[in-house]
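K.L.:
Got final.cif for you, mmCIF, C-alpha atoms:
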```
data_model
loop_
_atom_site.label_atom_id
_atom_site.label_comp_id
_atom_site.auth_asym_id
_atom_site.auth_seq_id
_atom_site.Cartn_x
_atom_site.Cartn_y
_atom_site.Cartn_z
CA MET Q 116 -16.22 14.56 8.76
CA LYS Q 117 -13.70 14.21 11.54
CA GLU Q 118 -13.14 10.52 12.21
CA ILE Q 119 -13.69 9.32 15.76
CA LYS Q 120 -10.32 9.50 17.50
CA CYS Q 121 -10.05 5.94 18.80
CA VAL Q 122 -11.30 4.52 15.49
CA ALA Q 123 -8.59 6.44 13.65
CA ALA Q 124 -6.03 5.17 16.18
CA LEU Q 125 -7.11 1.58 15.60
CA ALA Q 126 -7.02 2.14 11.84
CA SER Q 127 -3.41 3.31 12.09
CA ARG Q 128 -2.60 0.04 13.89
CA PHE Q 129 -4.23 -1.97 11.12
CA GLY Q 130 -2.27 0.17 8.68
CA MET Q 131 0.94 -1.40 10.02
CA LEU Q 132 -0.05 -4.75 8.51
CA PRO Q 133 1.46 -5.54 5.11
CA GLY Q 134 -0.47 -4.17 2.13
CA VAL Q 135 -3.09 -2.35 4.20
CA GLY Q 136 -3.73 1.22 3.02
CA LYS Q 137 -5.67 3.99 4.75
CA LYS Q 138 -9.04 3.05 3.29
CA THR Q 139 -8.75 -0.65 4.09
CA ALA Q 140 -7.49 0.15 7.58
CA MET Q 141 -10.55 2.33 8.27
CA ARG Q 142 -12.77 -0.44 6.94
CA TYR Q 143 -11.18 -2.93 9.33
CA ALA Q 144 -11.53 -0.50 12.24
CA TYR Q 145 -15.23 0.00 11.54
CA ALA Q 146 -15.67 -3.77 11.33
CA VAL Q 147 -14.32 -4.05 14.87
CA ILE Q 148 -17.20 -1.84 16.09
CA ASP Q 149 -19.60 -4.47 14.80
CA MET Q 150 -17.81 -7.30 16.62
CA SER Q 151 -19.06 -8.51 19.99
CA GLU Q 152 -17.02 -7.79 23.11
CA GLN Q 153 -16.14 -11.49 23.33
CA GLU Q 154 -14.81 -11.44 19.77
CA VAL Q 155 -12.63 -8.41 20.47
CA ASP Q 156 -11.28 -10.04 23.63
CA ALA Q 157 -10.53 -13.23 21.71
CA PHE Q 158 -8.82 -11.15 18.99
CA CYS Q 159 -6.58 -9.51 21.61
CA ALA Q 160 -5.83 -12.84 23.28
CA ALA Q 161 -4.85 -14.34 19.90
CA LEU Q 162 -2.57 -11.36 19.15
CA LYS Q 163 -0.82 -11.64 22.51
CA GLU Q 164 -0.51 -15.41 22.33
CA VAL Q 165 1.24 -15.25 18.98
CA LYS Q 166 3.67 -12.66 20.29
CA SER Q 167 4.42 -14.61 23.47
CA THR Q 168 4.46 -18.13 21.97
CA VAL Q 169 6.12 -17.93 18.59
CA ARG Q 170 9.91 -18.00 18.57
CA LEU Q 171 12.65 -19.07 16.16
CA CYS Q 172 13.59 -22.74 15.92
CA ALA Q 173 16.97 -23.24 17.60
CA VAL Q 174 18.13 -25.41 14.68
CA CYS Q 175 16.82 -23.90 11.45
CA GLY Q 176 15.53 -20.44 12.39
CA ASN Q 177 11.97 -21.07 11.19
CA PHE Q 178 9.02 -19.96 13.32
CA THR Q 179 7.91 -22.48 15.94
CA ASP Q 180 5.97 -22.64 19.18
CA GLY Q 181 8.40 -25.15 20.70
CA GLU Q 182 12.17 -25.31 21.11
CA VAL Q 183 12.78 -27.04 17.78
CA CYS Q 184 10.31 -26.83 14.87
CA GLU Q 185 8.26 -29.76 13.61
CA LEU Q 186 10.12 -29.88 10.29
CA CYS Q 187 13.51 -30.16 11.99
CA GLU Q 188 12.19 -32.94 14.19
CA THR Q 189 10.66 -35.03 11.43
CA ARG Q 190 12.68 -34.50 8.25
CA GLY Q 191 15.85 -36.17 7.01
CA LYS Q 192 18.98 -34.01 7.22
CA LYS Q 193 20.74 -35.15 4.03
CA GLN Q 194 19.31 -32.23 2.06
CA LEU Q 195 19.05 -28.72 3.44
CA CYS Q 196 17.00 -26.08 1.64
CA VAL Q 197 18.20 -22.57 2.47
CA VAL Q 198 15.55 -19.83 2.19
CA ALA Q 199 15.46 -16.15 3.07
CA TYR Q 200 12.20 -16.05 5.10
CA PRO Q 201 9.79 -18.38 6.92
CA LYS Q 202 7.12 -17.64 4.29
CA ASP Q 203 9.41 -19.25 1.69
CA VAL Q 204 9.33 -22.48 3.72
CA THR Q 205 5.53 -22.38 3.56
CA ALA Q 206 5.65 -21.85 -0.22
CA ILE Q 207 7.99 -24.81 -0.80
CA GLU Q 208 6.09 -27.06 1.61
CA LYS Q 209 2.92 -26.39 -0.35
CA THR Q 210 4.51 -27.94 -3.45
CA GLY Q 211 5.16 -31.21 -1.62
CA ALA Q 212 8.25 -31.58 -3.84
CA PHE Q 213 10.87 -31.44 -1.07
CA ASP Q 214 11.16 -33.73 1.92
CA GLY Q 215 14.43 -32.56 3.44
CA ALA Q 216 15.02 -29.97 6.15
CA TYR Q 217 15.19 -26.19 5.88
CA HIS Q 218 17.39 -23.36 7.02
CA VAL Q 219 16.00 -19.84 7.26
CA LEU Q 220 18.45 -16.97 6.82
CA HIS Q 221 16.02 -14.21 7.88
CA GLY Q 222 17.12 -11.91 5.09
CA THR Q 223 19.47 -11.65 2.15
CA LEU Q 224 22.80 -9.88 1.72
CA SER Q 225 22.33 -6.24 0.80
CA PRO Q 226 25.20 -3.76 1.02
CA MET Q 227 22.68 -1.00 0.18
CA ASP Q 228 20.68 -1.75 3.33
CA ASN Q 229 23.77 -2.58 5.37
CA ARG Q 230 22.87 -6.27 5.66
CA THR Q 231 26.11 -8.24 5.96
CA PRO Q 232 26.61 -11.99 6.49
CA ASP Q 233 26.72 -11.32 10.24
CA ASP Q 234 23.10 -10.17 10.12
CA LEU Q 235 21.94 -13.45 8.61
CA ASN Q 236 21.36 -16.80 10.29
CA ILE Q 237 24.49 -18.31 8.70
CA LYS Q 238 26.56 -19.40 11.72
CA SER Q 239 23.97 -21.99 12.74
CA LEU Q 240 23.93 -23.24 9.13
CA LEU Q 241 27.65 -23.93 9.26
CA ALA Q 242 27.17 -25.68 12.60
CA ARG Q 243 24.69 -28.21 11.18
CA LEU Q 244 26.50 -29.38 8.03
CA ASP Q 245 27.52 -32.70 9.59
CA GLY Q 246 25.91 -35.49 7.52
CA VAL Q 247 24.47 -33.06 4.97
CA ASP Q 248 24.96 -34.15 1.34
CA GLU Q 249 23.47 -31.17 -0.45
CA VAL Q 250 22.55 -27.60 0.32
CA ILE Q 251 19.88 -26.24 -2.05
CA ILE Q 252 19.86 -22.45 -2.11
CA ALA Q 253 16.31 -21.22 -2.68
CA THR Q 254 16.64 -17.47 -2.29
CA ASN Q 255 14.68 -15.28 -4.73
CA PRO Q 256 16.17 -14.89 -8.23
CA ASP Q 257 16.79 -11.16 -7.72
CA VAL Q 258 20.02 -9.24 -7.16
CA GLU Q 259 20.13 -9.77 -3.40
CA GLY Q 260 19.02 -13.38 -3.60
CA GLU Q 261 21.66 -14.14 -6.25
CA ALA Q 262 24.37 -12.40 -4.26
CA THR Q 263 23.43 -14.40 -1.18
CA ALA Q 264 23.49 -17.63 -3.18
CA VAL Q 265 26.95 -16.91 -4.59
CA TYR Q 266 28.26 -15.96 -1.14
CA LEU Q 267 26.91 -19.16 0.44
CA ALA Q 268 28.23 -21.34 -2.39
CA ARG Q 269 31.74 -19.94 -1.94
CA LEU Q 270 31.50 -20.46 1.80
CA LEU Q 271 30.08 -23.99 1.72
CA LYS Q 272 31.84 -25.68 -1.19
CA PRO Q 273 35.28 -25.78 0.52
CA MET Q 274 33.58 -27.59 3.42
CA GLY Q 275 32.91 -30.55 1.13
CA VAL Q 276 29.17 -30.14 0.73
CA ARG Q 277 27.35 -30.11 -2.62
CA VAL Q 278 25.69 -26.74 -3.22
CA SER Q 279 22.89 -26.25 -5.75
CA ARG Q 280 20.54 -23.47 -6.76
CA ILE Q 281 16.85 -23.73 -7.71
CA ALA Q 282 16.38 -23.55 -11.48
CA GLN Q 283 15.57 -20.29 -13.24
CA GLY Q 284 13.66 -20.09 -16.49
CA ILE Q 285 10.21 -19.54 -17.97
CA SER Q 286 7.36 -20.14 -15.51
CA MET Q 287 4.90 -22.95 -16.26
CA GLY Q 288 1.84 -21.59 -18.05
CA SER Q 289 3.47 -18.28 -19.01
CA GLU Q 290 3.90 -17.11 -22.59
CA LEU Q 291 7.24 -16.37 -24.24
CA GLU Q 292 5.74 -13.22 -25.73
CA TYR Q 293 5.32 -11.70 -22.28
CA ALA Q 294 8.45 -13.03 -20.57
CA ASP Q 295 11.02 -10.37 -19.65
CA ALA Q 296 14.29 -10.36 -21.57
CA VAL Q 297 16.47 -11.50 -18.65
CA THR Q 298 14.27 -14.49 -17.86
CA LEU Q 299 14.07 -15.45 -21.51
CA SER Q 300 17.81 -15.22 -22.11
CA GLN Q 301 18.46 -17.28 -18.97
CA ALA Q 302 15.94 -19.87 -20.13
CA LEU Q 303 17.85 -20.13 -23.42
CA GLY Q 304 21.26 -20.26 -21.77
CA ARG Q 305 20.19 -22.89 -19.26
CA ARG Q 306 18.31 -25.05 -21.76
CA THR Q 307 18.15 -28.75 -20.93
CA ALA Q 308 18.51 -31.79 -23.26
CA LEU Q 309 15.33 -33.61 -24.27
CA MET C 1326 3.61 -27.91 6.65
CA LYS C 1327 1.30 -27.74 9.62
CA GLU C 1328 0.83 -24.11 10.55
CA ILE C 1329 1.69 -23.11 14.11
CA LYS C 1330 -1.53 -23.42 16.12
CA CYS C 1331 -1.67 -19.95 17.64
CA VAL C 1332 -0.70 -18.31 14.34
CA ALA C 1333 -3.56 -20.14 12.61
CA ALA C 1334 -5.89 -19.02 15.42
CA LEU C 1335 -4.86 -15.39 14.97
CA ALA C 1336 -5.27 -15.73 11.21
CA SER C 1337 -8.85 -16.91 11.69
CA ARG C 1338 -9.50 -13.75 13.74
CA PHE C 1339 -8.08 -11.57 10.97
CA GLY C 1340 -10.25 -13.59 8.59
CA MET C 1341 -13.33 -12.11 10.26
CA LEU C 1342 -12.46 -8.67 8.90
CA PRO C 1343 -14.25 -7.68 5.69
CA GLY C 1344 -12.58 -8.83 2.49
CA VAL C 1345 -9.80 -10.78 4.21
CA GLY C 1346 -9.28 -14.28 2.76
CA LYS C 1347 -7.20 -17.14 4.17
CA LYS C 1348 -3.97 -16.12 2.48
CA THR C 1349 -4.18 -12.47 3.53
CA ALA C 1350 -5.14 -13.50 7.07
CA MET C 1351 -2.03 -15.69 7.35
CA ARG C 1352 0.07 -12.84 6.01
CA TYR C 1353 -1.30 -10.51 8.68
CA ALA C 1354 -0.73 -13.13 11.40
CA TYR C 1355 2.91 -13.57 10.35
CA ALA C 1356 3.34 -9.80 10.35
CA VAL C 1357 2.29 -9.74 14.00
CA ILE C 1358 5.25 -12.01 14.84
CA ASP C 1359 7.55 -9.29 13.52
CA MET C 1360 5.92 -6.58 15.64
CA SER C 1361 7.45 -5.57 18.96
CA GLU C 1362 5.68 -6.48 22.19
CA GLN C 1363 4.83 -2.80 22.70
CA GLU C 1364 3.22 -2.64 19.28
CA VAL C 1365 1.09 -5.71 19.96
CA ASP C 1366 0.02 -4.28 23.33
CA ALA C 1367 -0.89 -0.98 21.66
CA PHE C 1368 -2.83 -2.90 18.99
CA CYS C 1369 -4.84 -4.70 21.69
CA ALA C 1370 -5.44 -1.48 23.61
CA ALA C 1371 -6.70 0.21 20.42
CA LEU C 1372 -9.05 -2.71 19.69
CA LYS C 1373 -10.50 -2.64 23.19
CA GLU C 1374 -10.82 1.13 23.27
CA VAL C 1375 -12.86 1.17 20.08
CA LYS C 1376 -15.15 -1.52 21.44
CA SER C 1377 -15.64 0.24 24.77
CA THR C 1378 -15.81 3.84 23.50
CA VAL C 1379 -17.74 3.82 20.26
CA ARG C 1380 -21.52 3.85 20.56
CA LEU C 1381 -24.44 5.03 18.48
CA CYS C 1382 -25.42 8.70 18.52
CA ALA C 1383 -28.66 9.08 20.52
CA VAL C 1384 -30.07 11.41 17.85
CA CYS C 1385 -29.03 10.09 14.42
CA GLY C 1386 -27.66 6.61 15.06
CA ASN C 1387 -24.22 7.34 13.59
CA PHE C 1388 -21.07 6.13 15.39
CA THR C 1389 -19.76 8.50 18.04
CA ASP C 1390 -17.55 8.49 21.12
CA GLY C 1391 -19.85 10.89 22.97
CA GLU C 1392 -23.57 10.97 23.72
CA VAL C 1393 -24.48 12.89 20.56
CA CYS C 1394 -22.25 12.86 17.46
CA GLU C 1395 -20.33 15.86 16.19
CA LEU C 1396 -22.47 16.18 13.07
CA CYS C 1397 -25.71 16.33 15.06
CA GLU C 1398 -24.21 18.99 17.31
CA THR C 1399 -22.93 21.26 14.56
CA ARG C 1400 -25.20 20.89 11.54
CA GLY C 1401 -28.46 22.60 10.65
CA LYS C 1402 -31.55 20.42 11.02
CA LYS C 1403 -33.58 21.72 8.03
CA GLN C 1404 -32.32 18.94 5.80
CA LEU C 1405 -31.95 15.35 6.94
CA CYS C 1406 -30.06 12.85 4.81
CA VAL C 1407 -31.16 9.29 5.53
CA VAL C 1408 -28.55 6.59 4.89
CA ALA C 1409 -28.36 2.86 5.53
CA TYR C 1410 -24.95 2.65 7.25
CA PRO C 1411 -22.41 4.91 9.00
CA LYS C 1412 -19.95 4.35 6.13
CA ASP C 1413 -22.44 6.09 3.83
CA VAL C 1414 -22.22 9.19 6.03
CA THR C 1415 -18.45 9.14 5.55
CA ALA C 1416 -18.89 8.83 1.77
CA ILE C 1417 -21.28 11.80 1.56
CA GLU C 1418 -19.19 13.92 3.92
CA LYS C 1419 -16.20 13.39 1.66
CA THR C 1420 -18.04 15.11 -1.19
CA GLY C 1421 -18.55 18.26 0.87
CA ALA C 1422 -21.82 18.74 -1.04
CA PHE C 1423 -24.18 18.41 1.93
CA ASP C 1424 -24.22 20.52 5.07
CA GLY C 1425 -27.34 19.23 6.79
CA ALA C 1426 -27.70 16.48 9.37
CA TYR C 1427 -27.88 12.71 8.88
CA HIS C 1428 -29.97 9.82 10.04
CA VAL C 1429 -28.55 6.29 9.96
CA LEU C 1430 -31.01 3.42 9.56
CA HIS C 1431 -28.50 0.62 10.23
CA GLY C 1432 -29.83 -1.49 7.41
CA THR C 1433 -32.42 -1.62 4.66
CA LEU C 1434 -35.76 -3.38 4.41
CA SER C 1435 -35.38 -6.95 3.22
CA PRO C 1436 -38.20 -9.46 3.53
CA MET C 1437 -35.75 -12.13 2.32
CA ASP C 1438 -33.51 -11.56 5.34
CA ASN C 1439 -36.42 -10.89 7.68
CA ARG C 1440 -35.49 -7.22 8.13
CA THR C 1441 -38.70 -5.28 8.80
CA PRO C 1442 -39.17 -1.58 9.61
CA ASP C 1443 -38.95 -2.46 13.32
CA ASP C 1444 -35.35 -3.59 12.82
CA LEU C 1445 -34.32 -0.22 11.40
CA ASN C 1446 -33.62 3.02 13.24
CA ILE C 1447 -36.89 4.61 12.02
CA LYS C 1448 -38.70 5.52 15.26
CA SER C 1449 -36.04 8.04 16.21
CA LEU C 1450 -36.30 9.50 12.68
CA LEU C 1451 -40.01 10.18 13.17
CA ALA C 1452 -39.25 11.72 16.57
CA ARG C 1453 -36.90 14.35 15.10
CA LEU C 1454 -38.96 15.68 12.19
CA ASP C 1455 -39.85 18.90 14.01
CA GLY C 1456 -38.47 21.82 11.98
CA VAL C 1457 -37.23 19.55 9.20
CA ASP C 1458 -38.00 20.85 5.67
CA GLU C 1459 -36.69 18.00 3.59
CA VAL C 1460 -35.68 14.39 4.07
CA ILE C 1461 -33.23 13.19 1.41
CA ILE C 1462 -33.19 9.42 1.13
CA ALA C 1463 -29.71 8.26 0.17
CA THR C 1464 -29.98 4.49 0.37
CA ASN C 1465 -28.26 2.46 -2.36
CA PRO C 1466 -30.02 2.27 -5.75
CA ASP C 1467 -30.58 -1.49 -5.41
CA VAL C 1468 -33.75 -3.47 -4.69
CA GLU C 1469 -33.55 -3.16 -0.91
CA GLY C 1470 -32.46 0.48 -0.97
CA GLU C 1471 -35.32 1.37 -3.34
CA ALA C 1472 -37.86 -0.52 -1.23
CA THR C 1473 -36.67 1.31 1.87
CA ALA C 1474 -36.89 4.65 0.06
CA VAL C 1475 -40.46 3.97 -1.09
CA TYR C 1476 -41.47 2.83 2.40
CA LEU C 1477 -40.00 5.93 4.04
CA ALA C 1478 -41.56 8.26 1.46
CA ARG C 1479 -45.01 6.83 2.14
CA LEU C 1480 -44.45 7.13 5.87
CA LEU C 1481 -43.05 10.66 5.88
CA LYS C 1482 -45.07 12.52 3.24
CA PRO C 1483 -48.34 12.47 5.24
CA MET C 1484 -46.42 14.13 8.09
CA GLY C 1485 -45.96 17.23 5.93
CA VAL C 1486 -42.26 16.87 5.19
CA ARG C 1487 -40.75 17.04 1.70
CA VAL C 1488 -39.12 13.71 0.77
CA SER C 1489 -36.54 13.40 -2.01
CA ARG C 1490 -34.27 10.70 -3.39
CA ILE C 1491 -30.69 11.04 -4.63
CA ALA C 1492 -30.54 11.09 -8.44
CA GLN C 1493 -29.88 7.98 -10.46
CA GLY C 1494 -28.27 7.95 -13.88
CA ILE C 1495 -24.96 7.55 -15.66
CA SER C 1496 -21.90 8.01 -13.43
CA MET C 1497 -19.51 10.86 -14.21
CA GLY C 1498 -16.63 9.63 -16.33
CA SER C 1499 -18.32 6.41 -17.34
CA GLU C 1500 -19.05 5.45 -20.95
CA LEU C 1501 -22.54 4.79 -22.35
CA GLU C 1502 -21.15 1.77 -24.14
CA TYR C 1503 -20.43 0.03 -20.85
CA ALA C 1504 -23.42 1.22 -18.80
CA ASP C 1505 -25.88 -1.52 -17.83
CA ALA C 1506 -29.31 -1.44 -19.46
CA VAL C 1507 -31.24 -0.50 -16.30
CA THR C 1508 -29.00 2.45 -15.52
CA LEU C 1509 -29.09 3.65 -19.12
CA SER C 1510 -32.88 3.41 -19.41
CA GLN C 1511 -33.27 5.26 -16.10
CA ALA C 1512 -30.87 7.93 -17.29
CA LEU C 1513 -33.04 8.38 -20.40
CA GLY C 1514 -36.31 8.36 -18.47
CA ARG C 1515 -35.06 10.88 -15.90
CA ARG C 1516 -33.40 13.21 -18.43
CA THR C 1517 -33.17 16.86 -17.38
CA ALA C 1518 -33.75 20.01 -19.46
CA LEU C 1519 -30.67 21.94 -20.64
#
```
For this file, produce the structure as structure tokens.
P.N.:
Amino acid sequence: MKEIKCVAALASRFGMLPGVGKKTAMRYAYAVIDMSEQEVDAFCAALKEVKSTVRLCAVCGNFTDGEVCELCETRGKKQLCVVAYPKDVTAIEKTGAFDGAYHVLHGTLSPMDNRTPDDLNIKSLLARLDGVDEVIIATNPDVEGEATAVYLARLLKPMGVRVSRIAQGISMGSELEYADAVTLSQALGRRTAL
Amino acid sequence: MKEIKCVAALASRFGMLPGVGKKTAMRYAYAVIDMSEQEVDAFCAALKEVKSTVRLCAVCGNFTDGEVCELCETRGKKQLCVVAYPKDVTAIEKTGAFDGAYHVLHGTLSPMDNRTPDDLNIKSLLARLDGVDEVIIATNPDVEGEATAVYLARLLKPMGVRVSRIAQGISMGSELEYADAVTLSQALGRRTAL
């Protein structure tokens, strides 16, 4: 069966969303047929509003609908948590374990993908170190995240700021039997006194 | 962290799509921020075009962007396959095992949900029986699908048309060990000669 042209076109738009394959995209497109005209209009309005309203916070680089984001306005500036992407801010905020401010790099260093320090939101990090006691680097514990952490530590330490890295080890609730060798050997090497 | 208002609003729109939970909806909404303005405009245009273009085929009730759908225009009318939803047409077409025409009921009988024969696309089915040899009822093998099949069979048989039902039994590639009792007993009861 040849799919209806405009339905296939809509499906290809849905297919641009993260993790949406061909089948799911078609399913979404068919669901739109069942929506009312008002719902489709509201969907479009919501899409356009996000695109026109959301920008990057002038201070930390996180998403915001104002000039400066809510977190920058309300949080103490003694501790800065540096993350790669806005979604990482959301993840850390969900824990409730950090009450300092954030800084979003919008990427990690990757020579393979031609991402150099100039491509990251680092200049504005250096510009806001006044009064900062500690910079906690919370990039992912993968090759690029580690490289970025090492780069930032070398850059920041000479400026007299304490630099730390989130701990790596065995996840809570996981089993040693199934942990990968790198994680397990790091957990041993970085063991803590009881 | 309080989510940005318009991002949360867009996420709730995405949440209306089938199978999209809160987390996925937020992920989609954040992905829209990363799209270009042109992409968002094209997304909206595609949404609106589907809503304004797609209608139900005047003959079979399937989705179409014309007056009569492509399948009704091109297929022989000796065999009619009756399905509950347009997606079922897509599923059967994918098999390539049927070259007749379809009829889409847009639902199944369900006294629980107050869906009576008047709510289904049955009148237009009765109006197109001229020259039809066989009506194959391909509703799902669940309570509502079975009830609908029995209802249609009783309605159609007196009109001199052959009525059949898609076969039920063990799925290809499945294992007897894991088949549910109803399926297995039906497979035994409806065994075929070799």
K.L.:
Calculate how many Å separate CA of Glu1459 in chain C from CA of Arg1487 in chain C, rounding to one decimal.
P.N.:
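Straight-line distance from CA of Glu1459 in chain C to CA of Arg1487 in chain C works out to 4.6 Å.
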K.L.:
Using the chain letters and numbers from the file, give me the residues hit by the PyMOL selection byres ((chain Q) within 7 of (chain C)), as an NGL selection string.
P.N.:
:Q and (116 or 119 or 121-122 or 124-125 or 128 or 132-133 or 143 or 146 or 148 or 152 or 155 or 158-159 or 161-166 or 179-180 or 205 or 208)
K.L.:
Could you name the residues that touch Ala216 in chain Q at 6 Å or less, counting only C-alpha atoms, but leaving out those on the same chain fewer than 3 positions away, as a PDB file with C-alpha atoms, in the frame of the given file?
P.N.:
```pdb
ATOM      1  CA  ARG Q 190      12.680 -34.500   8.250  1.00  0.00           C
ATOM      2  CA  LYS Q 192      18.980 -34.010   7.220  1.00  0.00           C
ATOM      3  CA  LEU Q 195      19.050 -28.720   3.440  1.00  0.00           C
TER       4      LEU Q 195
END
```
K.L.:
So what do you get for CA of Leu1450 in chain C versus CA of Ala1383 in chain C, distance-wise?
P.N.:
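So the two atoms, CA of Leu1450 in chain C and CA of Ala1383 in chain C, lie 11.0 Å apart.
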K.L.:
Please work out which residues fall within 12 Å of (23.9, -36.7, -0.6), coordinates as given in the file, with only C-alpha atoms counting, and return them as a PyMOL selection string.
P.N.:
chain Q and resi 191-195+215+244-251+275-279
K.L.:
Go ahead and write the residues just picked, C-alpha atoms, as a compact mmCIF listing (two decimals), in the coordinates of the input.
P.N.:
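Result went into out_39.txt, see below:
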```txt
# COMPACT_ATOMS: atom_id res chain seq x y z
CA GLY Q 191 15.85 -36.17 7.01
CA LYS Q 192 18.98 -34.01 7.22
CA LYS Q 193 20.74 -35.15 4.03
CA GLN Q 194 19.31 -32.23 2.06
CA LEU Q 195 19.05 -28.72 3.44
CA GLY Q 215 14.43 -32.56 3.44
CA LEU Q 244 26.50 -29.38 8.03
CA ASP Q 245 27.52 -32.70 9.59
CA GLY Q 246 25.91 -35.49 7.52
CA VAL Q 247 24.47 -33.06 4.97
CA ASP Q 248 24.96 -34.15 1.34
CA GLU Q 249 23.47 -31.17 -0.45
CA VAL Q 250 22.55 -27.60 0.32
CA ILE Q 251 19.88 -26.24 -2.05
CA GLY Q 275 32.91 -30.55 1.13
CA VAL Q 276 29.17 -30.14 0.73
CA ARG Q 277 27.35 -30.11 -2.62
CA VAL Q 278 25.69 -26.74 -3.22
CA SER Q 279 22.89 -26.25 -5.75
```
K.L.:
Can you measure CA of Pro1442 in chain C to CA of Val1393 in chain C for me? One decimal in Å is fine.
P.N.:
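Distance reported for this atom pair: 23.3 Å.
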K.L.:
Quick one: of Q:Met227, Q:Lys138, Q:Arg280, Q:Leu271, who's nearest to Val198 in chain Q, counting all atoms listed in the file?
P.N.:
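Closest to Val198 in chain Q, using all atoms listed in the file: Q:Arg280.
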K.L.:
Quick one: everything within 10 Å of Arg1515 in chain C, counting all atoms listed in the file, minus sequence neighbours fewer than 6 positions away in the same chain. Send it as an MDAnalysis selection string.
P.N.:
chainID C and resid 1492:1494 1509
K.L.:
Name all residues at most 10 Å from Ile281 in chain Q (count only C-alpha atoms; drop same-chain ones fewer than 5 positions away) and give them as a list in words.
P.N.:
Cys196, Ile251, Ile252, Ala253, Thr254, Asn255 and Pro256 of chain Q
K.L.:
May I have the selected residues written with C-alpha atoms, as a short mmCIF file (atom, residue, chain, number, x, y, z; two decimals), keeping the file's coordinate frame?
P.N.:
```
data_model
loop_
_atom_site.label_atom_id
_atom_site.label_comp_id
_atom_site.auth_asym_id
_atom_site.auth_seq_id
_atom_site.Cartn_x
_atom_site.Cartn_y
_atom_site.Cartn_z
CA CYS Q 196 17.00 -26.08 1.64
CA ILE Q 251 19.88 -26.24 -2.05
CA ILE Q 252 19.86 -22.45 -2.11
CA ALA Q 253 16.31 -21.22 -2.68
CA THR Q 254 16.64 -17.47 -2.29
CA ASN Q 255 14.68 -15.28 -4.73
CA PRO Q 256 16.17 -14.89 -8.23
#
```
K.L.:
Quick one: residues within 12 Å of Ser1449 in chain C, all atoms listed in the file counted, chain neighbours fewer than 2 positions away excluded, as a list in words?
P.N.:
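The residues that qualify are Cys1382, Ala1383, Val1384, Cys1385, Gly1386, Val1407, Tyr1427, His1428, Val1429, Leu1430, Asp1443, Leu1445, Asn1446, Ile1447, Leu1451, Ala1452, Arg1453, Leu1454 and Asp1455 of chain C.
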